Amino acid sequence: MSEVQTKVFRVEQFRNPEIAPERRAELEAAEAEPVDLSTEKILAEAKAQTGLADFGSMDFVERLQAIAGEVARNTNLWRHSKARMRGSLVKAAANRLKNKAYLDAHPEVANEKIDRPIIIVGLPRSGTTHLENLIAADRRLRHLPVYLGSEAVPTPGEEPGPDGRDPRWVRSAAHWDRMSGNPIMAAMHEHSPDHACGENELQMPDFTTYQWEWMAEVPGWRDYYLGHNQTPHYAYGKRMLQAIAHQFPSDRRWILKGNQHSEQVPALMANYPDAYIVQIHRDPLAILQSVLTMRGLSILSDQKEPDIKAHVDYWVDRIERMLRAYLRDMDNVPAGQRLDILFGDVIADDVGTAQRVLEFAGLPSTDESIADMRDYMDSHPRGKDGRVVYDLSGDFNLDVAALRERFAFYREAFPYKEEVKAG
């Protein structure tokens, strides 16, 4: 694997999350202009953007209201945070309109077969994205690229530009340009248009998935989502994957991934009964320090008084819930269709572990496959965009020994390597 000289990033503000007086004054001045998070206005704007009016089943409005209402009521969020979330909700509603129009125009989408997909499962920041992209380098497979995860179907009337680029790709590239302007985000999580992404994003127009928890502080939404059967919403996401397969016909099998799957194994298997499930297991303390830092950047930016303790409490609890749910439900995967691997194995031998996954799924290891993956590793060397230094106890005031005890149940099931040390 190629080695590169990497920039090292350190986020110091978690210890003393003060906002500079001039920046606070600027933000407070913007508060005078309200943000309308009513479902009526969100849906009206989505209709205006697309020229479409049929959302299909309107049961989603209750879910939209659960998210939008919670954000609207949060008095600790700056206006720019609420406006950004509103934009995301409008986009999801607009996508729902376009999805319905496409499915109505192409009823044959229902006949598209998603045959024996390989689905990478694992908690956020556990190496799922890296493993998915590495396996996706094998030319026998196909993956869900970021730009199609963002917009599964074309906007009616849009055509490729003079350069032949899909307008969806162009919008996704512009979004990544904005995201990667923050070098820490670029170092932590690539989201370029052709990069493989999680198919849970296809559920966003149905206003489901834990993805919304990454976009705002919505504990009420979490409880709502966990309190409802997600099987029909997984069916919605699968139908949109079929719509993508319809647009881009191929006999290649899918390589997919989703962090949410860890706590939704029954819903996942109900919709993909012939899937090969690969769960990555990583030290939950390593997961936590990365999650707390990555999501914490938004806390620092979005909250008037950054509540780091509430942020920490939320995600420590969230990670524990996801791990316990996986242990509870993992045997829902039929014998011979589940492979549990350790994050340490991926780090020690990326390509070898990926080849092991392929063989588990019935695809023999070949010289061509290994070459494809080595080419990917050469073009994506570890640390090419920099690396972030974490300090779980110093930044977030957490007791490493106490966390070890709290998560002992998980290590008893899967003996991962401990990556975070006390002190």
# chains A, B, ... in the order shown; residues from 1 in each chain; ligands from 1
call {"tool": "residues_around", "arguments": {"residues": "Ala408 of chain A", "least_positions_apart": "2", "cutoff": "12 Å", "atoms": "only C-alpha atoms", "output": "list of chain:residue names"}}
result
A:Asp283, A:Pro284, A:Leu285, A:Glu320, A:Leu323, A:Arg324, A:Ala401, A:Ala402, A:Leu403, A:Arg404, A:Glu405, A:Arg406, A:Tyr410, A:Arg411, A:Glu412, A:Ala413, A:Phe414, A:Pro415, A:Tyr416, A:Glu418
call {"tool": "write_last_selection", "arguments": {"atoms": "C-alpha atoms", "output": "short mmCIF file (atom, residue, chain, number, x, y, z; two decimals), in the first residue's frame"}}
result
data_model
loop_
_atom_site.label_atom_id
_atom_site.label_comp_id
_atom_site.auth_asym_id
_atom_site.auth_seq_id
_atom_site.Cartn_x
_atom_site.Cartn_y
_atom_site.Cartn_z
CA ASP A 283 -13.46 -1.21 19.26
CA PRO A 284 -16.55 0.87 20.20
CA LEU A 285 -14.32 3.41 21.94
CA GLU A 320 -24.57 0.95 22.69
CA LEU A 323 -24.44 -2.90 19.21
CA ARG A 324 -27.02 -4.54 21.46
CA ALA A 401 -12.02 2.40 31.95
CA ALA A 402 -15.71 2.92 32.70
CA LEU A 403 -16.53 2.80 28.98
CA ARG A 404 -14.57 -0.41 28.64
CA GLU A 405 -16.76 -1.94 31.34
CA ARG A 406 -19.93 -0.57 29.75
CA TYR A 410 -19.68 -6.60 22.95
CA ARG A 411 -16.08 -7.72 23.34
CA GLU A 412 -17.27 -10.97 24.88
CA ALA A 413 -19.08 -11.69 21.60
CA PHE A 414 -16.43 -10.35 19.21
CA PRO A 415 -12.84 -10.07 20.55
CA TYR A 416 -11.78 -6.95 18.67
CA GLU A 418 -8.64 -2.40 21.79
#
call {"tool": "residues_around", "arguments": {"residues": "Gln247 of chain A", "least_positions_apart": "2", "cutoff": "12 Å", "atoms": "only C-alpha atoms", "output": "MDAnalysis selection string"}}
result
chainID A and resid 102:103 106 108:109 112 148 152:154 240:245 249:250
call {"tool": "select_by_dssp", "arguments": {"residues": "segment 46-215 of chain A", "states": "strand (DSSP E)", "output": "PyMOL selection string"}}
result
chain A and resi 118-121+141-143
call {"tool": "write_last_selection", "arguments": {"atoms": "N, CA and C atoms", "output": "CSV table (one decimal), in the first residue's frame"}}
result
chain,number,residue,atom,x,y,z
A,118,ILE,N,-24.0,-8.3,-1.9
A,118,ILE,CA,-23.1,-8.3,-0.8
A,118,ILE,C,-23.3,-7.0,0.0
A,119,ILE,N,-23.7,-7.1,1.3
A,119,ILE,CA,-24.1,-5.9,2.0
A,119,ILE,C,-23.1,-5.8,3.2
A,120,ILE,N,-22.3,-4.7,3.2
A,120,ILE,CA,-21.4,-4.5,4.3
A,120,ILE,C,-22.2,-3.8,5.4
A,121,VAL,N,-22.1,-4.3,6.6
A,121,VAL,CA,-22.8,-3.8,7.8
A,121,VAL,C,-21.8,-3.4,8.8
A,141,LEU,N,-18.5,-6.4,-9.9
A,141,LEU,CA,-19.5,-5.8,-9.0
A,141,LEU,C,-19.9,-4.4,-9.4
A,142,ARG,N,-21.0,-4.0,-8.9
A,142,ARG,CA,-21.4,-2.6,-9.1
A,142,ARG,C,-21.8,-2.0,-7.7
A,143,HIS,N,-21.7,-0.7,-7.6
A,143,HIS,CA,-22.0,-0.1,-6.3
A,143,HIS,C,-22.9,1.1,-6.5
call {"tool": "residues_around", "arguments": {"residues": "Glu368 of chain A", "least_positions_apart": "6", "cutoff": "12 Å", "atoms": "only C-alpha atoms", "output": "list in words"}}
result
Ala137, Asp138, Arg139, Arg140, Gln355, Arg374 and Asp375 of chain A
call {"tool": "select_by_dssp", "arguments": {"residues": "segment 71-179 of chain A", "states": "alpha helix (DSSP H)", "output": "count of residues only"}}
result
57
call {"tool": "closest_residue", "arguments": {"among": "A:Phe207, A:Trp169, A:Lys113, A:Arg23", "to": "Ala94 of chain A", "atoms": "only C-alpha atoms"}}
result
A:Phe207
call {"tool": "residues_around", "arguments": {"residues": "Leu288 of chain A", "least_positions_apart": "5", "cutoff": "8 Å", "atoms": "only C-alpha atoms", "output": "PyMOL selection string"}}
result
chain A and resi 315-316+319+392
call {"tool": "closest_residue", "arguments": {"among": "A:Met85, A:Pro266, A:Asp177, A:Asp399", "to": "Asp36 of chain A", "atoms": "only C-alpha atoms"}}
result
A:Met85
call {"tool": "residues_around", "arguments": {"residues": "Glu33 of chain A", "least_positions_apart": "5", "cutoff": "12 Å", "atoms": "only C-alpha atoms", "output": "count of residues only"}}
result
7
call {"tool": "closest_residue", "arguments": {"among": "A:Glu70, A:Asp395, A:Glu12, A:Glu62", "to": "Gln289 of chain A", "atoms": "only C-alpha atoms"}}
result
A:Asp395
call {"tool": "atom_distance", "arguments": {"atom1": "atom CA of Pro17 of chain A", "atom2": "atom CA of Asp302 of chain A"}}
result
11.6 Å
call {"tool": "atom_distance", "arguments": {"atom1": "atom CA of Asn229 of chain A", "atom2": "atom CA of Ser262 of chain A"}}
result
14.7 Å
call {"tool": "residues_around", "arguments": {"residues": "segment 349-351 of chain A", "least_positions_apart": "5", "cutoff": "10 Å", "atoms": "only C-alpha atoms", "output": "JSON, numbers by chain"}}
result
{"A": [1, 130, 131, 134, 135, 343, 344, 356, 357, 369, 370, 371, 372, 373, 374, 376, 377]}
call {"tool": "write_last_selection", "arguments": {"atoms": "N, CA and C atoms", "output": "short mmCIF file (atom, residue, chain, number, x, y, z; two decimals), in the first residue's frame"}}
result
data_model
loop_
_atom_site.label_atom_id
_atom_site.label_comp_id
_atom_site.auth_asym_id
_atom_site.auth_seq_id
_atom_site.Cartn_x
_atom_site.Cartn_y
_atom_site.Cartn_z
N MET A 1 0.82 -1.18 0.00
CA MET A 1 0.00 0.00 0.00
C MET A 1 0.87 1.25 0.00
N HIS A 130 -14.72 2.22 3.63
CA HIS A 130 -13.46 1.82 3.01
C HIS A 130 -13.58 0.43 2.41
N LEU A 131 -14.14 -0.52 3.17
CA LEU A 131 -14.24 -1.88 2.66
C LEU A 131 -15.19 -1.94 1.46
N LEU A 134 -13.37 -0.54 -1.57
CA LEU A 134 -12.32 -1.45 -2.00
C LEU A 134 -12.90 -2.64 -2.77
N ILE A 135 -13.95 -3.24 -2.23
CA ILE A 135 -14.58 -4.37 -2.92
C ILE A 135 -15.22 -3.92 -4.22
N PHE A 343 -12.24 -5.24 12.41
CA PHE A 343 -11.64 -4.05 11.81
C PHE A 343 -10.12 -4.20 11.72
N GLY A 344 -9.54 -4.80 12.73
CA GLY A 344 -8.09 -4.99 12.73
C GLY A 344 -7.63 -5.82 11.55
N ARG A 356 -11.39 -12.25 0.88
CA ARG A 356 -12.08 -13.20 1.73
C ARG A 356 -13.59 -12.97 1.67
N VAL A 357 -14.00 -11.72 1.64
CA VAL A 357 -15.42 -11.38 1.53
C VAL A 357 -15.98 -11.89 0.21
N SER A 369 -9.00 -9.39 -9.98
CA SER A 369 -9.68 -8.77 -8.84
C SER A 369 -8.66 -8.14 -7.90
N ILE A 370 -7.60 -8.86 -7.61
CA ILE A 370 -6.55 -8.33 -6.72
C ILE A 370 -5.92 -7.09 -7.34
N ALA A 371 -5.67 -7.12 -8.66
CA ALA A 371 -5.09 -5.96 -9.34
C ALA A 371 -6.03 -4.77 -9.27
N ASP A 372 -7.33 -5.00 -9.46
CA ASP A 372 -8.31 -3.91 -9.37
C ASP A 372 -8.24 -3.24 -8.00
N MET A 373 -8.16 -4.06 -6.96
CA MET A 373 -8.15 -3.52 -5.60
C MET A 373 -6.83 -2.81 -5.29
N ARG A 374 -5.73 -3.34 -5.78
CA ARG A 374 -4.45 -2.67 -5.54
C ARG A 374 -4.40 -1.34 -6.28
N TYR A 376 -7.00 0.53 -6.75
CA TYR A 376 -7.80 1.43 -5.91
C TYR A 376 -6.98 1.93 -4.73
N MET A 377 -6.25 1.04 -4.07
CA MET A 377 -5.44 1.44 -2.92
C MET A 377 -4.35 2.43 -3.34
#
call {"tool": "closest_residue", "arguments": {"among": "A:Thr155, A:Thr129, A:Thr366, A:Thr353", "to": "Glu199 of chain A", "atoms": "only C-alpha atoms"}}
result
A:Thr129
call {"tool": "atom_distance", "arguments": {"atom1": "atom CA of Val291 of chain A", "atom2": "atom CA of Asp194 of chain A"}}
result
23.6 Å
call {"tool": "residues_around", "arguments": {"residues": "Asn271 of chain A", "least_positions_apart": "5", "cutoff": "9 Å", "atoms": "only C-alpha atoms", "output": "PyMOL selection string"}}
result
chain A and resi 231-232+234-235+238+266
call {"tool": "write_last_selection", "arguments": {"atoms": "N, CA, C and O atoms", "output": "compact mmCIF listing (two decimals), in the first residue's frame"}}
result
# COMPACT_ATOMS: atom_id res chain seq x y z
N THR A 231 -39.43 -2.23 8.10
CA THR A 231 -39.47 -3.11 6.93
C THR A 231 -40.07 -2.43 5.70
O THR A 231 -39.50 -2.51 4.60
N PRO A 232 -41.22 -1.72 5.81
CA PRO A 232 -41.76 -1.07 4.60
C PRO A 232 -40.87 0.05 4.09
O PRO A 232 -40.86 0.33 2.88
N TYR A 234 -37.54 0.04 4.28
CA TYR A 234 -36.47 -0.65 3.55
C TYR A 234 -36.97 -1.06 2.16
O TYR A 234 -36.21 -1.05 1.19
N ALA A 235 -38.26 -1.42 2.07
CA ALA A 235 -38.83 -1.76 0.77
C ALA A 235 -38.81 -0.55 -0.16
O ALA A 235 -38.56 -0.68 -1.36
N LYS A 238 -35.30 -0.19 -1.40
CA LYS A 238 -34.98 -1.22 -2.39
C LYS A 238 -35.61 -0.88 -3.74
O LYS A 238 -34.99 -1.07 -4.79
N PRO A 266 -33.58 -7.50 10.92
CA PRO A 266 -34.82 -8.12 10.43
C PRO A 266 -35.40 -7.41 9.21
O PRO A 266 -35.82 -8.08 8.25
call {"tool": "decode", "arguments": {"residues": "segment 252-271 of chain A", "atoms": "N, CA and C atoms", "output": "short mmCIF file (atom, residue, chain, number, x, y, z; two decimals), in the first residue's frame"}}
result
data_model
loop_
_atom_site.label_atom_id
_atom_site.label_comp_id
_atom_site.auth_asym_id
_atom_site.auth_seq_id
_atom_site.Cartn_x
_atom_site.Cartn_y
_atom_site.Cartn_z
N ARG A 252 -24.03 -7.29 -13.32
CA ARG A 252 -23.12 -7.39 -12.18
C ARG A 252 -23.90 -7.38 -10.86
N ARG A 253 -23.38 -8.09 -9.88
CA ARG A 253 -23.99 -8.09 -8.55
C ARG A 253 -23.65 -6.79 -7.82
N TRP A 254 -24.49 -6.46 -6.84
CA TRP A 254 -24.32 -5.23 -6.07
C TRP A 254 -23.43 -5.47 -4.85
N ILE A 255 -22.58 -4.48 -4.58
CA ILE A 255 -21.91 -4.35 -3.29
C ILE A 255 -22.51 -3.11 -2.64
N LEU A 256 -23.10 -3.28 -1.46
CA LEU A 256 -23.81 -2.20 -0.78
C LEU A 256 -23.31 -2.10 0.65
N LYS A 257 -23.76 -1.06 1.33
CA LYS A 257 -23.42 -0.96 2.76
C LYS A 257 -24.39 -0.03 3.46
N GLY A 258 -24.52 -0.22 4.76
CA GLY A 258 -25.36 0.66 5.56
C GLY A 258 -25.03 0.51 7.03
N ASN A 259 -24.75 1.63 7.70
CA ASN A 259 -24.48 1.58 9.13
C ASN A 259 -25.75 1.27 9.92
N GLN A 260 -26.86 1.80 9.45
CA GLN A 260 -28.14 1.59 10.13
C GLN A 260 -28.51 0.12 10.19
N HIS A 261 -28.03 -0.67 9.23
CA HIS A 261 -28.40 -2.09 9.17
C HIS A 261 -28.07 -2.83 10.46
N SER A 262 -27.06 -2.35 11.20
CA SER A 262 -26.68 -3.04 12.43
C SER A 262 -27.85 -3.19 13.39
N GLU A 263 -28.76 -2.22 13.39
CA GLU A 263 -29.90 -2.28 14.30
C GLU A 263 -31.20 -2.60 13.57
N GLN A 264 -31.10 -2.93 12.26
CA GLN A 264 -32.30 -3.23 11.48
C GLN A 264 -32.12 -4.52 10.68
N VAL A 265 -31.47 -5.51 11.29
CA VAL A 265 -31.22 -6.76 10.58
C VAL A 265 -32.52 -7.43 10.10
N PRO A 266 -33.58 -7.50 10.92
CA PRO A 266 -34.82 -8.12 10.43
C PRO A 266 -35.40 -7.41 9.21
N ALA A 267 -35.42 -6.08 9.23
CA ALA A 267 -35.94 -5.33 8.08
C ALA A 267 -35.07 -5.52 6.85
N LEU A 268 -33.76 -5.57 7.07
CA LEU A 268 -32.82 -5.78 5.97
C LEU A 268 -33.06 -7.14 5.31
N MET A 269 -33.15 -8.19 6.11
CA MET A 269 -33.29 -9.54 5.56
C MET A 269 -34.67 -9.77 4.95
N ALA A 270 -35.68 -9.09 5.47
CA ALA A 270 -37.02 -9.22 4.89
C ALA A 270 -37.03 -8.72 3.45
N ASN A 271 -36.19 -7.74 3.15
CA ASN A 271 -36.16 -7.15 1.82
C ASN A 271 -35.06 -7.73 0.92
#
